[in-house]
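Undergrad: What follows is the file run.csv, containing CSV, C-alpha atoms and all ligand atoms:
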chain,number,residue,atom,x,y,z
K,1,MET,CA,-2.3,63.5,58.6
K,2,ASN,CA,1.4,63.0,59.5
K,3,ARG,CA,2.4,64.6,56.2
K,4,GLU,CA,5.6,65.9,57.7
K,5,ASP,CA,6.9,62.4,58.1
K,6,PHE,CA,7.2,62.1,54.3
K,7,ILE,CA,9.9,64.4,53.1
K,8,ILE,CA,9.5,63.5,49.4
K,9,LEU,CA,6.1,65.2,49.4
K,10,ASP,CA,7.7,68.5,50.3
K,11,GLN,CA,8.8,69.4,46.8
K,12,LYS,CA,7.7,71.2,43.7
K,13,ILE,CA,7.0,69.6,40.4
K,14,TYR,CA,6.7,71.9,37.4
K,15,ASP,CA,6.7,74.8,39.8
K,16,ARG,CA,3.7,73.5,41.8
K,17,HIS,CA,3.6,71.6,45.1
K,18,LEU,CA,3.6,67.9,44.4
K,19,VAL,CA,0.3,66.1,44.9
K,20,TYR,CA,0.9,62.4,45.0
K,21,PHE,CA,-2.2,60.3,44.2
K,22,ASP,CA,-0.5,57.2,42.9
K,23,ASN,CA,-0.6,55.4,46.2
K,24,ALA,CA,-2.2,52.2,44.8
K,25,ALA,CA,0.9,51.8,42.7
K,26,THR,CA,3.2,52.5,45.6
K,27,THR,CA,3.1,54.6,48.8
K,28,GLN,CA,5.8,57.0,50.0
K,29,LYS,CA,8.0,56.0,52.9
K,30,PRO,CA,8.1,57.8,56.2
K,31,GLU,CA,11.5,58.9,57.7
K,32,VAL,CA,11.3,56.2,60.4
K,33,VAL,CA,11.3,53.5,57.7
K,34,LEU,CA,14.2,55.1,55.8
K,35,ASN,CA,16.2,55.5,59.0
K,36,ALA,CA,15.5,52.0,60.2
K,37,MET,CA,16.9,50.7,56.9
K,38,SER,CA,19.9,52.9,56.9
K,39,ASP,CA,20.6,52.1,60.5
K,40,TYR,CA,20.6,48.4,59.7
K,41,TYR,CA,23.2,48.9,56.9
K,42,ARG,CA,25.2,51.2,59.1
K,43,THR,CA,25.3,49.0,62.2
K,44,ILE,CA,24.5,45.3,61.9
K,45,ASN,CA,24.5,44.4,58.2
K,46,SER,CA,25.5,40.8,57.8
K,47,ASN,CA,24.1,37.6,56.4
K,48,ILE,CA,21.6,35.9,58.7
K,49,HIS,CA,21.0,32.4,60.1
K,50,ARG,CA,24.5,31.2,59.1
K,51,GLY,CA,27.1,33.1,61.0
K,52,ALA,CA,28.0,32.5,64.6
K,53,HIS,CA,29.4,36.0,64.9
K,54,TYR,CA,27.9,38.9,66.7
K,55,LEU,CA,26.6,41.0,63.8
K,56,SER,CA,25.0,37.9,62.2
K,57,GLN,CA,23.3,37.0,65.4
K,58,ARG,CA,22.0,40.6,65.8
K,59,ALA,CA,20.7,40.7,62.2
K,60,THR,CA,19.1,37.3,62.6
K,61,ASP,CA,17.3,38.4,65.8
K,62,ARG,CA,16.0,41.6,64.1
K,63,PHE,CA,14.9,39.6,61.0
K,64,GLU,CA,13.0,37.0,63.1
K,65,GLN,CA,11.6,39.7,65.4
K,66,ALA,CA,10.2,41.4,62.2
K,67,ARG,CA,8.6,38.1,61.2
K,68,GLN,CA,6.9,38.0,64.7
K,69,ARG,CA,5.6,41.5,64.3
K,70,ILE,CA,4.1,40.6,61.0
K,71,GLN,CA,2.6,37.5,62.5
K,72,ALA,CA,0.9,39.7,65.2
K,73,PHE,CA,-0.1,42.3,62.6
K,74,ILE,CA,-2.1,39.8,60.6
K,75,ASN,CA,-2.9,37.6,63.6
K,76,ALA,CA,-1.3,34.4,62.2
K,77,VAL,CA,-1.2,31.4,64.5
K,78,TYR,CA,2.5,30.8,64.0
K,79,SER,CA,5.4,33.1,62.9
K,80,HIS,CA,6.5,30.3,60.5
K,81,GLU,CA,3.3,30.8,58.5
K,82,VAL,CA,4.8,34.2,57.5
K,83,ILE,CA,7.1,33.7,54.4
K,84,PHE,CA,9.1,36.6,53.1
K,85,THR,CA,9.0,37.2,49.3
K,86,ARG,CA,9.8,40.0,47.0
K,87,GLY,CA,6.2,41.2,46.9
K,88,THR,CA,2.6,40.2,46.1
K,89,THR,CA,3.5,39.0,42.7
K,90,GLU,CA,6.1,36.6,44.0
K,91,SER,CA,3.8,35.5,46.8
K,92,ILE,CA,1.1,34.6,44.3
K,93,ASN,CA,3.5,32.9,42.0
K,94,LEU,CA,4.7,30.9,45.0
K,95,VAL,CA,1.2,29.8,45.9
K,96,ALA,CA,0.2,29.0,42.3
K,97,SER,CA,3.3,27.1,41.6
K,98,SER,CA,3.8,25.2,44.8
K,99,PHE,CA,0.1,24.5,45.6
K,100,GLY,CA,-0.4,23.7,41.9
K,101,LYS,CA,2.4,21.2,41.8
K,102,ALA,CA,1.0,19.4,44.8
K,103,PHE,CA,-2.7,19.6,44.3
K,104,LEU,CA,-3.6,20.4,40.7
K,105,PHE,CA,-4.3,17.6,38.2
K,106,PRO,CA,-5.6,17.4,34.6
K,107,GLY,CA,-9.2,18.6,34.5
K,108,ASP,CA,-9.0,20.4,37.8
K,109,GLU,CA,-10.4,24.0,38.2
K,110,VAL,CA,-9.1,27.2,39.8
K,111,ILE,CA,-11.6,30.0,40.4
K,112,ILE,CA,-10.6,33.6,40.2
K,113,SER,CA,-12.6,36.8,39.7
K,114,GLY,CA,-13.0,39.1,36.7
K,115,MET,CA,-11.4,42.0,38.5
K,116,GLU,CA,-8.0,40.4,39.3
K,117,HIS,CA,-4.7,42.2,38.8
K,118,HIS,CA,-2.6,40.4,36.2
K,119,SER,CA,-0.5,39.1,39.1
K,120,ASN,CA,-3.4,37.0,40.1
K,121,ILE,CA,-4.3,35.8,36.6
K,122,VAL,CA,-1.0,34.9,34.8
K,123,PRO,CA,0.5,32.7,37.6
K,124,TRP,CA,-2.7,30.6,37.6
K,125,GLN,CA,-2.6,30.4,33.8
K,126,LEU,CA,1.0,29.2,33.8
K,127,ILE,CA,0.3,26.4,36.3
K,128,CYS,CA,-3.0,25.5,34.8
K,129,GLU,CA,-1.3,25.1,31.4
K,130,GLU,CA,1.4,23.0,32.9
K,131,LYS,CA,-1.1,20.8,34.8
K,132,GLY,CA,-4.0,20.6,32.3
K,133,ALA,CA,-6.3,22.5,34.7
K,134,LYS,CA,-8.6,25.4,33.8
K,135,ILE,CA,-9.6,28.7,35.2
K,136,LYS,CA,-13.2,29.8,36.0
K,137,VAL,CA,-14.2,33.4,36.6
K,138,ILE,CA,-16.6,35.0,39.1
K,139,PRO,CA,-18.1,38.0,37.2
K,140,PHE,CA,-18.8,41.5,38.6
K,141,ASP,CA,-21.7,43.9,37.9
K,142,GLU,CA,-21.7,47.3,36.2
K,143,ARG,CA,-20.7,49.0,39.4
K,144,GLY,CA,-17.7,46.8,39.8
K,145,ALA,CA,-19.3,44.8,42.7
K,146,LEU,CA,-18.5,41.0,42.7
K,147,ASP,CA,-21.5,38.9,41.7
K,148,VAL,CA,-21.3,36.6,44.7
K,149,GLU,CA,-24.5,34.8,43.7
K,150,LYS,CA,-22.6,33.4,40.7
K,151,PHE,CA,-19.8,32.1,42.8
K,152,GLU,CA,-21.2,28.9,44.3
K,153,PRO,CA,-22.6,27.5,41.0
K,154,LEU,CA,-19.1,27.6,39.6
K,155,ILE,CA,-17.8,25.1,42.2
K,156,THR,CA,-17.6,21.5,41.1
K,157,ASP,CA,-15.8,18.5,42.6
K,158,LYS,CA,-12.9,19.5,40.3
K,159,THR,CA,-12.4,22.9,42.0
K,160,LYS,CA,-9.1,22.9,43.9
K,161,ILE,CA,-8.6,26.6,45.0
K,162,VAL,CA,-10.2,30.0,44.8
K,163,ALA,CA,-7.9,33.0,44.4
K,164,ILE,CA,-9.4,36.5,44.6
K,165,THR,CA,-8.4,40.0,45.4
K,166,HIS,CA,-9.4,41.5,48.7
K,167,VAL,CA,-9.6,45.0,47.2
K,168,SER,CA,-9.6,45.8,43.4
K,169,ASN,CA,-6.7,48.1,42.4
K,170,SER,CA,-8.6,49.5,39.4
K,171,LEU,CA,-12.2,49.7,40.7
K,172,GLY,CA,-11.5,50.2,44.4
K,173,THR,CA,-14.1,47.5,45.3
K,174,ILE,CA,-13.7,45.8,48.7
K,175,ASN,CA,-14.8,42.3,48.0
K,176,PRO,CA,-16.9,40.2,50.5
K,177,VAL,CA,-14.0,37.9,51.1
K,178,LYS,CA,-15.3,36.4,54.3
K,179,GLN,CA,-18.5,35.3,52.5
K,180,ILE,CA,-16.4,33.8,49.6
K,181,ILE,CA,-14.2,32.0,52.1
K,182,ASP,CA,-17.2,30.5,54.0
K,183,ILE,CA,-18.8,29.3,50.8
K,184,ALA,CA,-15.5,27.8,49.5
K,185,HIS,CA,-14.8,26.1,52.8
K,186,SER,CA,-18.3,24.6,52.9
K,187,HIS,CA,-17.1,22.7,49.9
K,188,GLY,CA,-13.7,22.0,51.4
K,189,ILE,CA,-11.9,24.4,49.0
K,190,PRO,CA,-9.0,26.6,50.2
K,191,VAL,CA,-8.9,30.4,49.4
K,192,MET,CA,-6.0,32.6,48.6
K,193,LEU,CA,-6.5,36.4,48.9
K,194,ASP,CA,-4.5,39.0,47.1
K,195,GLY,CA,-4.1,41.6,49.8
K,196,ALA,CA,-1.9,44.1,47.9
K,197,GLN,CA,-4.5,46.9,48.1
K,198,ALA,CA,-6.1,45.9,51.4
K,199,ILE,CA,-3.3,45.6,53.8
K,200,SER,CA,-2.6,49.3,54.6
K,201,HIS,CA,-6.3,50.2,54.6
K,202,ILE,CA,-8.2,47.4,56.3
K,203,ARG,CA,-7.4,45.4,59.4
K,204,VAL,CA,-6.5,41.9,58.2
K,205,ASP,CA,-7.0,39.1,60.7
K,206,VAL,CA,-6.1,35.9,58.9
K,207,GLN,CA,-7.7,33.8,61.6
K,208,ALA,CA,-11.0,35.7,61.7
K,209,LEU,CA,-11.1,35.6,57.8
K,210,ASP,CA,-9.9,31.9,57.9
K,211,CYS,CA,-8.2,32.4,54.6
K,212,ASP,CA,-5.7,29.8,53.6
K,213,PHE,CA,-3.2,32.2,52.0
K,214,TYR,CA,-2.8,35.9,52.1
K,215,CYS,CA,-0.4,37.8,49.9
K,216,PHE,CA,0.9,41.4,50.2
K,217,SER,CA,3.7,43.8,49.3
K,218,GLY,CA,5.7,46.1,51.7
K,219,HIS,CA,5.9,49.0,49.3
K,220,LYS,CA,2.1,49.6,49.3
K,221,MET,CA,2.0,50.0,53.0
K,222,TYR,CA,4.7,52.7,53.6
K,223,GLY,CA,7.5,50.1,53.5
K,224,PRO,CA,10.3,49.4,51.1
K,225,MET,CA,10.1,47.9,47.6
K,226,GLY,CA,11.3,44.4,47.0
K,227,ILE,CA,9.8,42.8,50.1
K,228,GLY,CA,6.4,41.1,50.6
K,229,VAL,CA,4.7,38.4,52.5
K,230,MET,CA,3.0,35.1,51.7
K,231,TYR,CA,1.0,34.0,54.6
K,232,GLY,CA,-0.1,30.4,54.4
K,233,LYS,CA,-1.8,28.1,56.9
K,234,GLU,CA,0.7,25.6,58.3
K,235,LYS,CA,-1.4,22.6,57.2
K,236,TRP,CA,-1.0,23.7,53.5
K,237,LEU,CA,2.6,24.9,53.7
K,238,GLU,CA,3.7,21.5,55.3
K,239,LYS,CA,2.2,19.7,52.2
K,240,MET,CA,3.5,22.0,49.5
K,241,PRO,CA,6.9,21.5,47.8
K,242,PRO,CA,9.6,24.2,47.8
K,243,TYR,CA,9.2,27.0,45.3
K,244,GLN,CA,12.9,27.7,44.7
K,245,GLY,CA,16.0,25.7,45.6
K,246,GLY,CA,19.2,27.0,47.0
K,247,GLY,CA,20.9,27.9,50.3
K,248,GLU,CA,18.8,28.4,53.5
K,249,MET,CA,16.0,26.1,52.4
K,250,ILE,CA,17.7,22.8,52.9
K,251,LYS,CA,18.4,20.4,55.8
K,252,THR,CA,20.9,18.2,54.0
K,253,VAL,CA,22.3,18.1,50.5
K,254,THR,CA,24.2,15.4,48.7
K,255,LEU,CA,24.9,15.4,45.0
K,256,GLU,CA,22.1,12.9,44.6
K,257,LYS,CA,19.3,14.2,46.8
K,258,SER,CA,18.4,17.0,49.3
K,259,THR,CA,16.1,17.2,52.2
K,260,TYR,CA,14.3,20.5,53.0
K,261,ALA,CA,14.4,22.8,56.0
K,262,ASP,CA,11.4,23.2,58.2
K,263,LEU,CA,9.0,26.1,57.8
K,264,PRO,CA,9.4,29.0,57.1
K,265,PHE,CA,12.8,28.4,55.6
K,266,LYS,CA,11.7,25.7,53.2
K,267,PHE,CA,10.2,28.6,51.1
K,268,GLU,CA,13.0,31.1,51.6
K,269,ALA,CA,15.8,30.1,49.4
K,270,GLY,CA,18.9,32.3,49.2
K,271,THR,CA,19.9,35.4,51.1
K,272,PRO,CA,16.8,37.4,52.1
K,273,SER,CA,16.4,41.1,51.8
K,274,VAL,CA,17.1,41.7,55.5
K,275,GLY,CA,17.3,45.5,55.3
K,276,ASP,CA,13.9,45.6,53.6
K,277,VAL,CA,12.4,43.2,56.2
K,278,ILE,CA,13.5,45.6,58.9
K,279,GLY,CA,12.0,48.5,56.9
K,280,LEU,CA,8.7,46.6,56.6
K,281,GLU,CA,8.7,46.0,60.3
K,282,LYS,CA,9.1,49.7,60.9
K,283,ALA,CA,6.3,50.5,58.4
K,284,ILE,CA,4.0,48.2,60.4
K,285,GLU,CA,5.0,49.9,63.6
K,286,TYR,CA,4.3,53.3,62.0
K,287,ILE,CA,0.8,52.2,60.9
K,288,GLU,CA,0.0,50.7,64.3
K,289,ASN,CA,1.1,53.9,66.1
K,290,ILE,CA,-1.3,55.9,64.1
K,291,GLY,CA,-4.0,53.1,64.1
K,292,LEU,CA,-5.4,51.4,61.1
K,293,ALA,CA,-9.0,52.4,62.1
K,294,LYS,CA,-8.0,56.0,62.2
K,295,ILE,CA,-6.3,55.8,58.8
K,296,ALA,CA,-9.3,54.0,57.3
K,297,ALA,CA,-11.7,56.6,58.6
K,298,TYR,CA,-9.6,59.4,57.2
K,299,GLU,CA,-9.2,57.8,53.8
K,300,GLU,CA,-12.9,57.2,53.7
K,301,GLU,CA,-13.4,60.9,54.2
K,302,LEU,CA,-11.0,61.7,51.4
K,303,LEU,CA,-12.9,59.2,49.1
K,304,ARG,CA,-16.2,60.8,49.9
K,305,TYR,CA,-14.9,64.3,49.3
K,306,GLY,CA,-13.1,63.2,46.1
K,307,VAL,CA,-16.3,61.6,44.7
K,308,GLU,CA,-18.4,64.6,45.7
K,309,LYS,CA,-16.0,67.1,44.0
K,310,LEU,CA,-15.4,65.1,40.9
K,311,SER,CA,-19.1,64.5,40.5
K,312,GLU,CA,-19.6,68.2,39.9
K,313,ILE,CA,-17.6,67.9,36.7
K,314,GLU,CA,-19.7,67.3,33.6
K,315,ASP,CA,-19.0,64.4,31.3
K,316,LEU,CA,-16.9,62.6,34.0
K,317,ASP,CA,-17.7,58.9,34.3
K,318,PHE,CA,-16.7,57.0,37.3
K,319,VAL,CA,-15.5,53.4,36.7
K,320,GLY,CA,-16.1,51.4,39.9
K,321,THR,CA,-19.0,52.6,42.0
K,322,ALA,CA,-19.5,49.5,44.2
K,323,PRO,CA,-21.1,50.2,47.6
K,324,HIS,CA,-18.0,49.1,49.5
K,325,LYS,CA,-14.9,50.8,48.3
K,326,ALA,CA,-11.4,51.6,49.3
K,327,ALA,CA,-9.9,55.1,48.7
K,328,ILE,CA,-9.4,54.6,44.9
K,329,ILE,CA,-11.2,56.7,42.3
K,330,SER,CA,-11.1,55.6,38.7
K,331,PHE,CA,-12.7,57.8,36.1
K,332,ASN,CA,-12.8,58.9,32.5
K,333,LEU,CA,-13.6,62.1,30.7
K,334,LYS,CA,-16.0,61.7,27.7
K,335,GLY,CA,-14.1,61.8,24.4
K,336,ILE,CA,-10.7,62.2,26.0
K,337,HIS,CA,-8.1,59.4,26.1
K,338,PRO,CA,-7.0,58.8,29.7
K,339,TYR,CA,-3.3,59.0,28.6
K,340,ASP,CA,-3.9,62.5,27.1
K,341,ALA,CA,-5.6,63.6,30.3
K,342,GLY,CA,-2.8,62.1,32.4
K,343,VAL,CA,-0.1,64.1,30.7
K,344,ILE,CA,-1.9,67.4,31.4
K,345,ILE,CA,-2.7,66.5,35.0
K,346,ASP,CA,0.9,65.6,35.5
K,347,ARG,CA,2.0,69.0,34.2
K,348,ILE,CA,-0.1,70.6,36.9
K,349,GLY,CA,2.0,68.7,39.5
K,350,VAL,CA,-0.6,66.0,40.3
K,351,ALA,CA,0.6,62.4,40.1
K,352,VAL,CA,-2.3,60.1,39.0
K,353,ARG,CA,-2.0,56.9,37.2
K,354,THR,CA,-3.5,56.4,33.7
K,355,GLY,CA,-3.9,53.1,31.8
K,356,HIS,CA,-5.3,49.7,32.4
K,357,HIS,CA,-3.6,49.3,35.9
K,358,CYS,CA,-2.6,45.7,35.1
K,359,THR,CA,-6.3,44.8,34.9
K,360,GLN,CA,-6.9,44.5,31.2
K,361,PRO,CA,-9.8,42.2,31.5
K,362,VAL,CA,-11.6,44.8,33.6
K,363,MET,CA,-11.0,47.4,30.9
K,364,ASP,CA,-12.3,45.0,28.3
K,365,ILE,CA,-15.5,44.5,30.2
K,366,PHE,CA,-16.1,48.3,30.3
K,367,CYS,CA,-14.9,48.6,26.7
K,368,ILE,CA,-12.4,51.4,27.6
K,369,PRO,CA,-8.7,51.6,27.0
K,370,GLY,CA,-8.0,52.6,30.6
K,371,THR,CA,-8.9,55.0,33.3
K,372,ILE,CA,-7.5,57.9,35.2
K,373,ARG,CA,-6.9,56.7,38.8
K,374,ALA,CA,-6.4,58.7,41.9
K,375,SER,CA,-5.7,56.7,45.0
K,376,PHE,CA,-5.3,58.1,48.5
K,377,ALA,CA,-3.1,57.5,51.4
K,378,LEU,CA,-2.9,58.8,55.0
K,379,TYR,CA,-0.8,61.9,54.1
K,380,ASN,CA,-3.2,63.2,51.4
K,381,GLU,CA,-5.4,66.2,52.0
K,382,LYS,CA,-8.7,67.6,50.8
K,383,SER,CA,-6.9,70.7,49.4
K,384,GLU,CA,-5.0,68.3,47.1
K,385,ILE,CA,-8.2,66.8,45.8
K,386,ASP,CA,-9.1,70.4,44.9
K,387,ARG,CA,-5.9,70.5,42.9
K,388,LEU,CA,-7.0,67.4,41.1
K,389,VAL,CA,-10.4,68.9,40.3
K,390,GLU,CA,-8.6,72.0,39.0
K,391,ALA,CA,-6.4,69.8,36.8
K,392,VAL,CA,-9.3,67.8,35.4
K,393,ARG,CA,-11.2,71.1,34.6
K,394,LYS,CA,-8.1,72.3,32.8
K,395,VAL,CA,-8.0,69.1,30.7
K,396,LYS,CA,-11.6,69.6,29.7
K,397,THR,CA,-11.0,73.2,28.7
K,398,MET,CA,-7.9,72.2,26.6
K,399,PHE,CA,-9.9,69.5,24.8
K,400,LYS,CA,-13.0,71.6,24.2
T,1,LIG,N1,-2.4,42.7,43.2
T,1,LIG,C1,-3.0,43.9,43.2
T,1,LIG,C2,-4.4,44.0,43.5
T,1,LIG,C3,-2.2,45.0,43.0
T,1,LIG,O1,-2.7,46.2,43.1
T,1,LIG,C4,-0.8,44.8,42.8
T,1,LIG,C5,0.1,46.0,42.5
T,1,LIG,N2,-0.4,47.0,41.7
T,1,LIG,C6,-0.3,43.5,42.7
T,1,LIG,C7,-1.1,42.5,42.9
T,1,LIG,C8,1.2,43.3,42.5
T,1,LIG,O2,1.9,43.8,43.5
T,1,LIG,P1,3.5,43.9,43.4
T,1,LIG,O3,3.8,44.6,42.1
T,1,LIG,O4,3.9,44.7,44.6
T,1,LIG,O5,4.1,42.5,43.3
Can I see the file as structure tokens?
TA:
Amino acid sequence: MNREDFIILDQKIYDRHLVYFDNAATTQKPEVVLNAMSDYYRTINSNIHRGAHYLSQRATDRFEQARQRIQAFINAVYSHEVIFTRGTTESINLVASSFGKAFLFPGDEVIISGMEHHSNIVPWQLICEEKGAKIKVIPFDERGALDVEKFEPLITDKTKIVAITHVSNSLGTINPVKQIIDIAHSHGIPVMLDGAQAISHIRVDVQALDCDFYCFSGHKMYGPMGIGVMYGKEKWLEKMPPYQGGGEMIKTVTLEKSTYADLPFKFEAGTPSVGDVIGLEKAIEYIENIGLAKIAAYEEELLRYGVEKLSEIEDLDFVGTAPHKAAIISFNLKGIHPYDAGVIIDRIGVAVRTGHHCTQPVMDIFCIPGTIRASFALYNEKSEIDRLVEAVRKVKTMFK
């Protein structure tokens, strides 16, 4: 649907029409997003919050209006709970570092899951190393479904935070995050969700979920790269120290001591990426105009079709077959390295991703070097899945 909005898709690669199935890595951007950003730079570009001049006022208004749109999109109580970052990675680093500084002490524990992206492992390892805390892991089963039964027994009076992914980027699993949050909260433990793969596919209502933090990137939801959001409940953000120091985040500065600005600015040091924030706002408007429910239903149809067609291929093993899945299909071909397959599939003009997808621990559990991953977005079509199937069959013939 709406394919014509994405001009980049209208091109030939190696003499074949481009099929873009690397949407879990980044989605393409519709014209309205590109235009909104170029309009910003052409008409009102200026630094925000500081200048009393006209352009600065206009840019500031647009920036804060974008914050409000994001607040409404995720149903946050306050717009100051929406903190702009460079993306999910920076958002998680912010939570780990700042929450960790305030609340982690030697012997404390952080719970993550076994299917986390490296972005939701390494920041916790860094802060745990600094604070003498340790990480515990919720396992998943052979289908890639989280073993929720094993979660509660991991909790002790030393557990300070749970940080898990809403949707796995390598397995496609949609995790039962509400259940995890309810269990964690019954022990008084806050929960951070990595929403990088969920935000453009699932309606996220942070109040209904009651999550304490929610992190996502603009570039995986038809918006620009270099912009993301860290949502945090006011009660936590008020108690957490700044993540970075600099301009914008202060109230007063002397050479001896500084005091910090109120939320959200306390966490937004330096000049923000205003053009990207405006692009992200447009991307959200774009998604809302089509309707997330409609997008989700369409992607579900693509997933079903993709699984059905790929299942017809002999010696193809799916990696990640949990009952609740987003439109991500990971698979391997018996006896063929995913990288070798990826090179041939690319030559047929189909962009898939091969490798460990920044989830090496997941690959270790399945004892595989990586997978071939096709991930769908609203502009993909069933005929493109047929092209993927054709490409996979070609790989098999070449390696026979
Ligand atoms: N978490 C998950 C589940 C992801 O899929 C990704 C991106 N692949 C990230 C975190 C990191 O996102 P970014 O690179 O946009 O910071």
Undergrad: As a quick test: using all atoms listed in the file, which residues lie no more than 9 Å away from ligand LIG 1 (chain T)? Give them as a CSV table (one decimal) with C-alpha atoms, in the coordinates of the input.
TA:
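Produced file pocket-v8.csv, reproduced below:
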chain,number,residue,atom,x,y,z
K,24,ALA,CA,-2.2,52.2,44.8
K,25,ALA,CA,0.9,51.8,42.7
K,26,THR,CA,3.2,52.5,45.6
K,86,ARG,CA,9.8,40.0,47.0
K,87,GLY,CA,6.2,41.2,46.9
K,88,THR,CA,2.6,40.2,46.1
K,89,THR,CA,3.5,39.0,42.7
K,90,GLU,CA,6.1,36.6,44.0
K,91,SER,CA,3.8,35.5,46.8
K,92,ILE,CA,1.1,34.6,44.3
K,115,MET,CA,-11.4,42.0,38.5
K,116,GLU,CA,-8.0,40.4,39.3
K,117,HIS,CA,-4.7,42.2,38.8
K,118,HIS,CA,-2.6,40.4,36.2
K,119,SER,CA,-0.5,39.1,39.1
K,120,ASN,CA,-3.4,37.0,40.1
K,165,THR,CA,-8.4,40.0,45.4
K,166,HIS,CA,-9.4,41.5,48.7
K,167,VAL,CA,-9.6,45.0,47.2
K,168,SER,CA,-9.6,45.8,43.4
K,169,ASN,CA,-6.7,48.1,42.4
K,170,SER,CA,-8.6,49.5,39.4
K,194,ASP,CA,-4.5,39.0,47.1
K,195,GLY,CA,-4.1,41.6,49.8
K,196,ALA,CA,-1.9,44.1,47.9
K,197,GLN,CA,-4.5,46.9,48.1
K,198,ALA,CA,-6.1,45.9,51.4
K,215,CYS,CA,-0.4,37.8,49.9
K,216,PHE,CA,0.9,41.4,50.2
K,217,SER,CA,3.7,43.8,49.3
K,218,GLY,CA,5.7,46.1,51.7
K,219,HIS,CA,5.9,49.0,49.3
K,220,LYS,CA,2.1,49.6,49.3
K,225,MET,CA,10.1,47.9,47.6
K,226,GLY,CA,11.3,44.4,47.0
K,227,ILE,CA,9.8,42.8,50.1
K,228,GLY,CA,6.4,41.1,50.6
K,357,HIS,CA,-3.6,49.3,35.9
K,358,CYS,CA,-2.6,45.7,35.1
K,359,THR,CA,-6.3,44.8,34.9
Undergrad: In terms of the shortest atom-to-atom distance over only C-alpha atoms, which of K:Met221, K:Leu263, K:Ile161, K:Ile313 is closest to Lys235 of chain K?
TA: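 For Lys235 of chain K, the nearest of the given residues is K:Leu263.
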Undergrad: When distances are computed from all atoms listed in the file, which of K:Pro106, K:Gly349, K:Gly306, K:Pro190 shows the smallest separation from Ile329 of chain K?
TA: K:Gly306
Undergrad: Distance atom CA of Ala327 of chain K-atom CA of Leu171 of chain K, one decimal place?
TA: 9.9 Å
Undergrad: Have a look at K:Ala163, K:Ile278, K:Val395, K:Ile348 and name the one nearest to Ile336 of chain K; count all atoms listed in the file.
TA: K:Val395
Undergrad: For segment 37-41 of chain K, list every protein, DNA or RNA residue within 9 Å, evaluated using only C-alpha atoms, and leave out those in the same chain fewer than 2 positions away; present the list as a ChimeraX atom specification.
TA: /K:32-35,43-46,59,224,274-279,282
